[in-house]
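Colleague: The structure under discussion is supplied below as structure tokens; questions concerning it will follow.
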Amino acid sequence: MSKSGLKRDQHRAALFLLVPGILTIVLFTTVPALTTLSYSLFAWVGFQRGDFIGLDNFLRLFEYPFRDQFFMVLRHNTLVFIAVMIFQTGLGLLVAYALFKVVRGRRAYRTIVFLPVIFSLVIVGYMWQTLLDPFYGPINQILLKVGLTDWALPWLGDTRTALPTLVFINLWRWVGFPAIVFLAGLNAINQEFIEAARIDGASEGQIFRKILFPLLAPSLTIITVLTFIGAFEWFDLPFVLGGSNGSPAGATDTLALMFYRLSFGSVDSGANNVGVGSALGVVIFTIVGLGAALGSNLLRRREVEM
Amino acid sequence: MKITYTWLRALVAALFAATTVVLPGTTSASAATELTFWSWRTEDKAFYESQIKLFEAKNPGITVKFTPYLNTEYNAIVSTALTAGKGPDIVQLRPYGAMANLMDAGSFLPLTTTSVPALKKLSPGILAAAQGYKDKKQFGLPYAVSALGVMYNPAILSASGVNALPQTMSQMVAAFEKVKKAGYLPLGNAGGNGPALEQLHATIGPSYYGGTQFFNDVVAGKKTFTDKGYVASLKAVADLAKYMPANYQGIDYNTARGLFANEKAAFYIGGNYEMGYFRSLNPSINIGWFPAPKATAGSKRYVGTWGDGSYAINSKTADQAAALKFLNFLGTKEFGQALVDEIAFIPTAPYVKINDQAVKEINRWVKTLGTPFLNVVGFRYENPTSSSILQPGFQKLIVGGTTPEQLAKDVQTAVASWYGPQKGKS
């Protein structure tokens with residue numbers, strides 16, 4: 001067999017293996033995305049499509065009350081992204097460094113840190129709801145017993161504490177993920193760099209700042225982009241803990257919840273609006289798509305510089 | 001990706017619907033007809049199956065398959081299936097706005113008093129629960145009524161020295177104070193659940209805004225939600241917050257109901273359907289019920305009420321005659337009686353005998369003081385519904401995050417954006 005024939009065969013095999021993946025993406029991502037785009041250009045009565053109305057649904061999205069809701073949820077998603085980046089990713093990095101340094105029981109610690117990631121989210125949600133119950137919950141009971149009466153708050157029910165509490169629960173569940181990614185990044189770093197630095201008299205802090213952290217840039221890129229996508233499409237935890245209305249008073253409302261509510265209606269408050277819902281879907285898609293593309297591009301460029 | 005996930009769910013629901021539905025042709029080809037019957041009442045599966053057995057015994061050649069779906073997903077599942085021209089033969093319908101769009105789109109078989117004689121016995125207000133939004137044709141046979149009022153624990157009231165049931169809101173507040181002094185929690189209601197607050201408002205509110213008269217005026221566009229009486233009704237909800245449990249804003253629906261069921265709270269304001277839940281948590285609880293007190297000595301008393309659920313026939317059913325036969329079975333006295341005896345609903349049909357004392361009492365008040373649940377009956381036909389503004393609005397209101405005036409304005413703006421008679425009004 002000639003060399004080019006072999007190449008062609010490999011090419012064919014590769015194509016064959018790619019087909020199921022491509023088909024799945026087209027069927028379950030591309031087609032729904034394009035359908036959403038087309039839906040957003042029509043008037044809807046319930047689930048019944050009406051006339052073509054151009055960009056009216058997009059204009060409607062920027063009128064009361066959708067406008068107010070949209071900017072409120074956009075603010076929530078942005079705050080969540082920032083908070084997750086600072087606290088969850090920051091803590092993940094520290095945990096990874098600790099796991100990297102620890103000698104005895106590294107595997108056990110690694111398992112413990114990663115364990116919540118594999119828990120069912122619904123169970124995690126209900127567990128924290130029970131723990132934080134303002135009446136029966138053990139957390140407030142303990143706070144009351146030790147005299148911190150002012151701290152025994154209705155964590156999930158107060159509009160000021162609900163979103164930060166959700167971010168905390170998210171951190172508890174997810175911190176293992178960035179930790180493992182960073183740990184893999186740390187393990188991939190050539191030991192010789194560290195030894196050379198040590199011989200040159202660098203302190204542990206200097207080694208972390210000047211060698212380890214810059215070399216972790218590819219891991220940080222992945223985590224940042226994934227966090228961005230996750231934060232702007234956050235649905236599961238807010239839905240489990242605050243329902244589709246982002247209770248209390250919309251304090252835990254997100255872009256995805258608003259999209260869900262508009263598209264499918266809520267049992268408690270009635271009618272849906274597929275047109276405006278689809279318009280919002282297109283807006284979310286654009287935010288996430290542009291943000292992720294721009295972010296990964298910028299961060300990659302930074303990786304090269306370092 | 002969440003967008004695709006949600007659409008994926010709709011797709012799965014549609015595929016599922018398409019595969020579970022008995023396709024036209026397959027039923028008529030065989031001698032026996034199998035009707036499919038969808039519902040959101042998973043808890044009533046055993047009841048419906050036992051009733052279906054009775055129907056099948058009397059109607060050889062017709063079998064009925066009852067399939068309940070998750071209540072929160074039900075609207076989407078039914079809408080997707082029916083819009084695709086599929087769906088079951090018999091559909092359990094949510095009332096008023098929830099499914100009126102499907103009715104207007106021709107998804108259901110119009111019913112007449114000839115095809116379903118049981119409709120003749122129902123009052124116009126109840127029939128409205130299963131009519132289209134545009135042409136007011138009858139599409140469903142309503143089977144239950146819900147009513148809002150005040151539930152109380154007689155033992156706690158007598159232990160607190162509350163000897164007479166409150167007739168006015170100031171008497172109600174006095175009763176709350178007495179209960180509090182005796183060391184009990186006055187009110188079990190809390191703020192963690194927006195819909196529950198909306199129901200609390202629909203219970204005590206009508207006496208402030210003038211019940212059915214205001215309902216008719218606001219529906220006709222003669223009055224708006226910024227009306228003084230309506231604003232006062234919103235304020236009345238905020239005023240009750242101080243009698244709710246500590247940290248009330250964070251207490252969820254089940255915990256709140258648990259406080260009353262476990263005899264920690266003296267009162268619970270809400271729908272008659274809560275009683276079944278209270279009794280399931282505490283079978284020995286003794287529950288009393290009275291209509292919401294009047295706003296002032298001079299105002300009228302009302303019981304918020306609405307038709308809650310009906311049965312309809314898919315307009316694309318393969319065997320209309322069999323489907324009508326089953327629907328008429330659901331309209332019989334025997335079926336209605338079983339529904340009341342076993343599930344303790346307030347029946348729509350006047351020919352059903354109520355044996356449960358509490359249900360009997362509520363039904364008596366519904367007949368004399370009934371007024372439509374303003375949001376459910378009038379303003380859930382398009383988004384933004386009045387409920388979608390009020391539910392989070394009440395959560396804000398009870399913690400001082402907004403004012404009754406502002407909330408009333410928000411509701412008006414939202415409703416005026418789609419409801420013809422209110423357009424351009426503020």
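Each chain of the structure tokens is named A, B, ... in the order shown, its residues numbered from 1; ligands are numbered from 1 in display order.
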So that I can check the surroundings of segment 378-388 of chain B, please list as JSON, numbers by chain every protein, DNA and RNA residue that reaches within 10 Å of it, counting only C-alpha atoms and ignoring chain neighbours fewer than 5 positions away.

Modeller: {"A": [45, 46, 64, 65, 66, 245, 261, 262, 265, 266, 268, 269, 270, 271, 272, 273, 274, 276], "B": [95, 96, 97, 98, 99, 100, 101, 133, 194, 195, 198, 215, 216, 218, 219, 225, 372, 373, 393, 408, 410, 411, 412, 413, 414, 415, 416, 417, 418, 419]}

Colleague: Taking only C-alpha atoms into account, which residues of chain A are within 9 Å of chain B, as a PyMOL selection string?

Modeller: chain A and resi 28-30+32-33+36+45-48+64-66+133-136+152-159+229-230+233-235+242+245-250+256+259-260+262+264-273+281+284-285

Colleague: If we count only C-alpha atoms and set the cut-off at 10 Å, which residues sit around Ile180 of chain A, ignoring sequence neighbours fewer than 3 positions away in its own chain? Please answer as a ChimeraX atom specification.

Modeller: /A:92-93,95-96,99,110-111,113-114,175-177,183-186

Colleague: Which residues in segment 3-108 of chain A does DSSP call helix (DSSP H, G or I)? List them as a VMD selection string.

Modeller: chain A and resid 3 to 39 56 to 61 66 to 101 106 to 108

Colleague: Considering only C-alpha atoms, return as an NGL selection string whatever protein or nucleic-acid residues lie within 6 Å of Ile90 of chain B, sequence-local ones (same chain, fewer than 2 positions apart) excluded.

Modeller: :B and (37 or 88 or 312-313)

Colleague: Hey, which of A:Ala293, A:Ile123, A:Leu115, A:Val167 ends up closest to Leu79 of chain A? Count only C-alpha atoms.

Modeller: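 Of all the options, A:Val167 lies closest to Leu79 of chain A.
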
Colleague: In Å to one decimal, how far is atom CA of Leu37 of chain A from atom CA of Arg67 of chain A?

Modeller: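 One can read the atom CA of Arg67 of chain A to atom CA of Leu37 of chain A distance as 19.4 Å.
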